[in-house]
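A.B. asks: I'm passing along start-v9.cif; it holds mmCIF, C-alpha atoms and all ligand atoms; chains and numbers go by the auth columns.
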data_entry
#
loop_
_atom_site.group_PDB
_atom_site.id
_atom_site.type_symbol
_atom_site.label_atom_id
_atom_site.label_comp_id
_atom_site.label_asym_id
_atom_site.label_seq_id
_atom_site.Cartn_x
_atom_site.Cartn_y
_atom_site.Cartn_z
_atom_site.B_iso_or_equiv
_atom_site.auth_seq_id
_atom_site.auth_asym_id
ATOM 1 C CA MET A 1 -20.855 -24.696 20.765 0.00 1208 A
ATOM 2 C CA ALA A 2 -22.635 -26.590 23.520 0.00 1209 A
ATOM 3 C CA TRP A 3 -23.881 -30.129 23.087 0.00 1210 A
ATOM 4 C CA THR A 4 -27.643 -29.944 22.655 0.00 1211 A
ATOM 5 C CA GLY A 5 -28.491 -33.625 22.960 0.00 1212 A
ATOM 6 C CA ASP A 6 -29.670 -36.013 20.271 0.00 1213 A
ATOM 7 C CA ARG A 7 -33.436 -35.954 20.680 0.00 1214 A
ATOM 8 C CA ARG A 8 -34.149 -33.476 17.941 0.00 1215 A
ATOM 9 C CA THR A 9 -31.847 -35.019 15.347 0.00 1216 A
ATOM 10 C CA ARG A 10 -33.906 -38.169 14.856 0.00 1217 A
ATOM 11 C CA PRO A 11 -35.478 -38.590 11.390 0.00 1218 A
ATOM 12 C CA ARG A 12 -39.100 -37.586 11.100 0.00 1219 A
ATOM 13 C CA ARG A 13 -41.500 -40.511 11.298 0.00 1220 A
ATOM 14 C CA GLY A 14 -43.381 -39.457 8.189 0.00 1221 A
ATOM 15 C CA ALA A 15 -40.241 -39.407 6.070 0.00 1222 A
ATOM 16 C CA ARG A 16 -39.407 -43.084 6.239 0.00 1223 A
ATOM 17 C CA ARG A 17 -39.650 -45.181 3.094 0.00 1224 A
ATOM 18 C CA LEU A 18 -41.748 -48.249 2.477 0.00 1225 A
ATOM 19 C CA PRO A 19 -39.986 -51.556 1.924 0.00 1226 A
ATOM 20 C CA GLU A 20 -39.460 -51.995 -1.820 0.00 1227 A
ATOM 21 C CA LYS A 21 -41.370 -55.314 -1.860 0.00 1228 A
ATOM 22 C CA LEU A 22 -44.448 -53.737 -0.293 0.00 1229 A
ATOM 23 C CA ARG A 23 -44.261 -50.750 -2.600 0.00 1230 A
ATOM 24 C CA ARG A 24 -44.157 -53.003 -5.651 0.00 1231 A
ATOM 25 C CA ARG A 25 -47.079 -55.082 -4.443 0.00 1232 A
ATOM 26 C CA VAL A 26 -49.239 -52.018 -3.902 0.00 1233 A
ATOM 27 C CA LEU A 27 -48.335 -50.554 -7.293 0.00 1234 A
ATOM 28 C CA HIS A 28 -49.095 -53.911 -8.885 0.00 1235 A
ATOM 29 C CA ARG A 29 -52.510 -53.952 -7.226 0.00 1236 A
ATOM 30 C CA TYR A 30 -53.254 -50.381 -8.285 0.00 1237 A
ATOM 31 C CA PRO A 31 -51.638 -49.904 -11.684 0.00 1238 A
ATOM 32 C CA THR A 32 -53.666 -46.755 -12.242 0.00 1239 A
ATOM 33 C CA CYS A 33 -53.742 -43.677 -10.032 0.00 1240 A
ATOM 34 C CA GLN A 34 -56.390 -43.899 -7.312 0.00 1241 A
ATOM 35 C CA LEU A 35 -56.597 -40.143 -6.796 0.00 1242 A
ATOM 36 C CA ALA A 36 -57.230 -39.215 -10.430 0.00 1243 A
ATOM 37 C CA ILE A 37 -57.278 -35.486 -9.807 0.00 1244 A
ATOM 38 C CA PRO A 38 -58.661 -33.877 -12.967 0.00 1245 A
ATOM 39 C CA GLY A 39 -56.193 -31.769 -14.894 0.00 1246 A
ATOM 40 C CA ILE A 40 -53.002 -33.088 -13.310 0.00 1247 A
ATOM 41 C CA CYS A 41 -53.348 -36.889 -13.201 0.00 1248 A
ATOM 42 C CA VAL A 42 -51.056 -38.795 -15.565 0.00 1249 A
ATOM 43 C CA GLY A 43 -52.915 -42.071 -14.973 0.00 1250 A
ATOM 44 C CA THR A 44 -50.131 -44.501 -14.149 0.00 1251 A
ATOM 45 C CA SER A 45 -49.330 -45.218 -10.510 0.00 1252 A
ATOM 46 C CA ALA A 46 -45.745 -44.433 -9.562 0.00 1253 A
ATOM 47 C CA GLU A 47 -45.932 -43.904 -5.802 0.00 1254 A
ATOM 48 C CA VAL A 48 -47.694 -45.330 -2.757 0.00 1255 A
ATOM 49 C CA HIS A 49 -50.087 -43.073 -0.918 0.00 1256 A
ATOM 50 C CA HIS A 50 -51.081 -43.575 2.725 0.00 1257 A
ATOM 51 C CA VAL A 51 -54.845 -43.092 2.860 0.00 1258 A
ATOM 52 C CA THR A 52 -54.621 -42.288 6.577 0.00 1259 A
ATOM 53 C CA PRO A 53 -51.479 -40.205 7.071 0.00 1260 A
ATOM 54 C CA ASP A 54 -48.829 -41.317 9.507 0.00 1261 A
ATOM 55 C CA SER A 55 -49.523 -38.235 11.598 0.00 1262 A
ATOM 56 C CA GLU A 56 -53.122 -39.381 12.095 0.00 1263 A
ATOM 57 C CA GLY A 57 -52.314 -42.899 13.201 0.00 1264 A
ATOM 58 C CA GLY A 58 -51.927 -44.445 9.760 0.00 1265 A
ATOM 59 C CA THR A 59 -49.739 -47.519 9.436 0.00 1266 A
ATOM 60 C CA ASP A 60 -47.961 -49.356 6.647 0.00 1267 A
ATOM 61 C CA ALA A 61 -50.626 -52.088 6.682 0.00 1268 A
ATOM 62 C CA GLU A 62 -52.037 -52.673 3.216 0.00 1269 A
ATOM 63 C CA PHE A 63 -55.564 -52.815 4.551 0.00 1270 A
ATOM 64 C CA VAL A 64 -57.171 -51.508 7.733 0.00 1271 A
ATOM 65 C CA ASN A 65 -60.604 -52.881 8.653 0.00 1272 A
ATOM 66 C CA GLY A 66 -61.086 -54.071 5.091 0.00 1273 A
ATOM 67 C CA GLN A 67 -60.369 -50.616 3.701 0.00 1274 A
ATOM 68 C CA PRO A 68 -57.256 -50.012 1.621 0.00 1275 A
ATOM 69 C CA GLN A 69 -54.640 -48.041 3.519 0.00 1276 A
ATOM 70 C CA LEU A 70 -51.954 -48.112 0.843 0.00 1277 A
ATOM 71 C CA VAL A 71 -52.944 -47.241 -2.718 0.00 1278 A
ATOM 72 C CA GLY A 72 -51.067 -46.536 -5.930 0.00 1279 A
ATOM 73 C CA VAL A 73 -51.074 -42.953 -7.168 0.00 1280 A
ATOM 74 C CA CYS A 74 -49.233 -40.949 -9.794 0.00 1281 A
ATOM 75 C CA SER A 75 -46.584 -38.400 -8.807 0.00 1282 A
ATOM 76 C CA PRO A 76 -48.513 -35.192 -9.680 0.00 1283 A
ATOM 77 C CA CYS A 77 -51.603 -36.301 -7.722 0.00 1284 A
ATOM 78 C CA HIS A 78 -49.474 -37.419 -4.780 0.00 1285 A
ATOM 79 C CA ARG A 79 -47.677 -34.092 -4.660 0.00 1286 A
ATOM 80 C CA ARG A 80 -50.992 -32.276 -4.805 0.00 1287 A
ATOM 81 C CA VAL A 81 -52.589 -34.141 -1.889 0.00 1288 A
ATOM 82 C CA SER A 82 -49.395 -34.008 0.191 0.00 1289 A
ATOM 83 C CA ALA A 83 -49.167 -30.269 -0.323 0.00 1290 A
ATOM 84 C CA ARG A 84 -52.805 -29.847 0.583 0.00 1291 A
ATOM 85 C CA ASP A 85 -52.405 -31.955 3.707 0.00 1292 A
ATOM 86 C CA SER A 86 -49.397 -30.071 4.988 0.00 1293 A
ATOM 87 C CA ALA A 87 -50.961 -26.748 4.045 0.00 1294 A
ATOM 88 C CA ALA A 88 -54.067 -27.665 6.020 0.00 1295 A
ATOM 89 C CA ARG A 89 -51.941 -28.641 8.995 0.00 1296 A
ATOM 90 C CA ALA A 90 -49.901 -25.461 8.741 0.00 1297 A
ATOM 91 C CA ASN A 91 -53.061 -23.385 8.623 0.00 1298 A
ATOM 92 C CA LEU A 92 -54.229 -24.888 11.885 0.00 1299 A
ATOM 93 C CA GLY A 93 -51.117 -23.644 13.599 0.00 1300 A
ATOM 94 C CA THR A 94 -50.824 -20.241 12.007 0.00 1301 A
ATOM 95 C CA ARG A 95 -54.377 -19.033 11.870 0.00 1302 A
ATOM 96 C CA VAL A 96 -53.980 -15.836 13.824 0.00 1303 A
ATOM 97 C CA LEU A 97 -56.586 -13.178 13.499 0.00 1304 A
ATOM 98 C CA ARG A 98 -55.051 -10.000 12.312 0.00 1305 A
ATOM 99 C CA GLU A 99 -55.584 -7.251 14.765 0.00 1306 A
ATOM 100 C CA LYS A 100 -57.763 -4.546 13.357 0.00 1307 A
ATOM 101 C CA GLU A 101 -55.958 -1.306 12.927 0.00 1308 A
ATOM 102 C CA ARG A 102 -57.386 1.355 15.091 0.00 1309 A
ATOM 103 C CA HIS A 103 -58.761 4.358 13.352 0.00 1310 A
ATOM 104 C CA PRO A 104 -56.368 7.190 13.988 0.00 1311 A
ATOM 105 C CA GLY A 105 -59.221 9.615 14.406 0.00 1312 A
ATOM 106 C CA ILE A 106 -59.040 13.210 13.413 0.00 1313 A
ATOM 107 C CA LEU A 107 -55.629 14.700 13.928 0.00 1314 A
ATOM 108 C CA PRO A 108 -55.551 18.187 15.420 0.00 1315 A
HETATM 109 ZN ZN ZN B . -53.043 -39.220 -10.542 0.00 1 B
#
Represent the structure of the file as structure tokens.
Ligand SMILES: [Zn+2]
C.D. replies:
Amino acid sequence: MAWTGDRRTRPRRGARRLPEKLRRRVLHRYPTCQLAIPGICVGTSAEVHHVTPDSEGGTDAEFVNGQPQLVGVCSPCHRRVSARDSAARANLGTRVLREKERHPGILP
């Protein structure tokens, strides 16, 4: 097999982990889930959510212009918003209008 170069084997930017110290500080600041999605929220923060996603210029700063950028959220809520975000992004790329089927007309 031919060598294909190393550009496409780099880890995705959005997949990197926060430093443990930072993660703990954020969870300490937000002990309860900041998303609080009714029906799925378990209340206690377990993960750090980026308010502005990495893909939209978000950073690992705790605050941006006085607004929190990193907040504590529970796992079910985090999964829900992550799924919604990626689903929304996927929809942007795959929204293809289905071609209308032509009426076959009356066959002889
Ligand atoms: Zn929650």
A.B. asks: Tell me which residues come within 8 Å of (-49.1, -47.1, -10.4), as JSON, numbers by chain, counting all atoms listed in the file in the file's coordinates.
C.D. replies: {"A": [1234, 1235, 1237, 1238, 1239, 1240, 1250, 1251, 1252, 1253, 1254, 1255, 1279, 1280, 1281]}
A.B. asks: Taking 3 positions as the minimum chain separation for residues in the same chain, which residues sit within 12 Å of Arg1286 in chain A when counting all atoms listed in the file? Answer as a ChimeraX atom specification.
C.D. replies: /A:1242,1244,1247-1248,1253-1256,1280-1283,1289-1294
A.B. asks: Which of these residues is nearest to Thr1266 in chain A, using all atoms listed in the file: A:Gln1241, A:Leu1225, A:Val1288, A:Arg1309?
C.D. replies: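 Among A:Gln1241, A:Leu1225, A:Val1288, A:Arg1309, it is A:Leu1225 that comes nearest to Thr1266 in chain A.
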A.B. asks: Pick from A:Val1278, A:Pro1260, A:Arg1224, A:Val1249: nearest to ligand ZN 1 (chain B), with all atoms listed in the file counted?
C.D. replies: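 Counting all atoms listed in the file, the residue closest to ligand ZN 1 (chain B) is A:Val1249.
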A.B. asks: Could you state the separation of CA of Ala1295 in chain A and CA of Pro1275 in chain A in Å, given to one decimal place?
C.D. replies: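 Those two atoms sit 23.0 Å apart.
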A.B. asks: Just how far from CA of Cys1284 in chain A is CA of Gly1246 in chain A, in Å to one decimal?
C.D. replies: 9.6 Å
A.B. asks: Taking all atoms listed in the file into account, which of A:Ala1243, A:Val1258, A:Ala1297, A:Leu1229 comes nearest ligand ZN 1 (chain B)?
C.D. replies: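 Using all atoms listed in the file, the shortest distance to ligand ZN 1 (chain B) belongs to A:Ala1243.
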A.B. asks: Tell me which of A:Arg1236, A:Asp1261, A:Pro1245, A:Arg1296 sits closest to ligand ZN 1 (chain B), counting only C-alpha atoms and all ligand atoms.
C.D. replies: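 Among the listed residues, A:Pro1245 lies closest to ligand ZN 1 (chain B).
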A.B. asks: Just how far from CA of Leu1277 in chain A is CA of Val1233 in chain A, in Å to one decimal?
C.D. replies: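 About the pair CA of Val1233 in chain A and CA of Leu1277 in chain A: they are 6.7 Å apart.
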A.B. asks: Could you check the closest approach to Pro1226 in chain A for each of A:Arg1287, A:Ala1268, A:Gln1276, A:Gly1312 and tell me which residue wins, using only C-alpha atoms?
C.D. replies: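 Of all the options, A:Ala1268 lies closest to Pro1226 in chain A.
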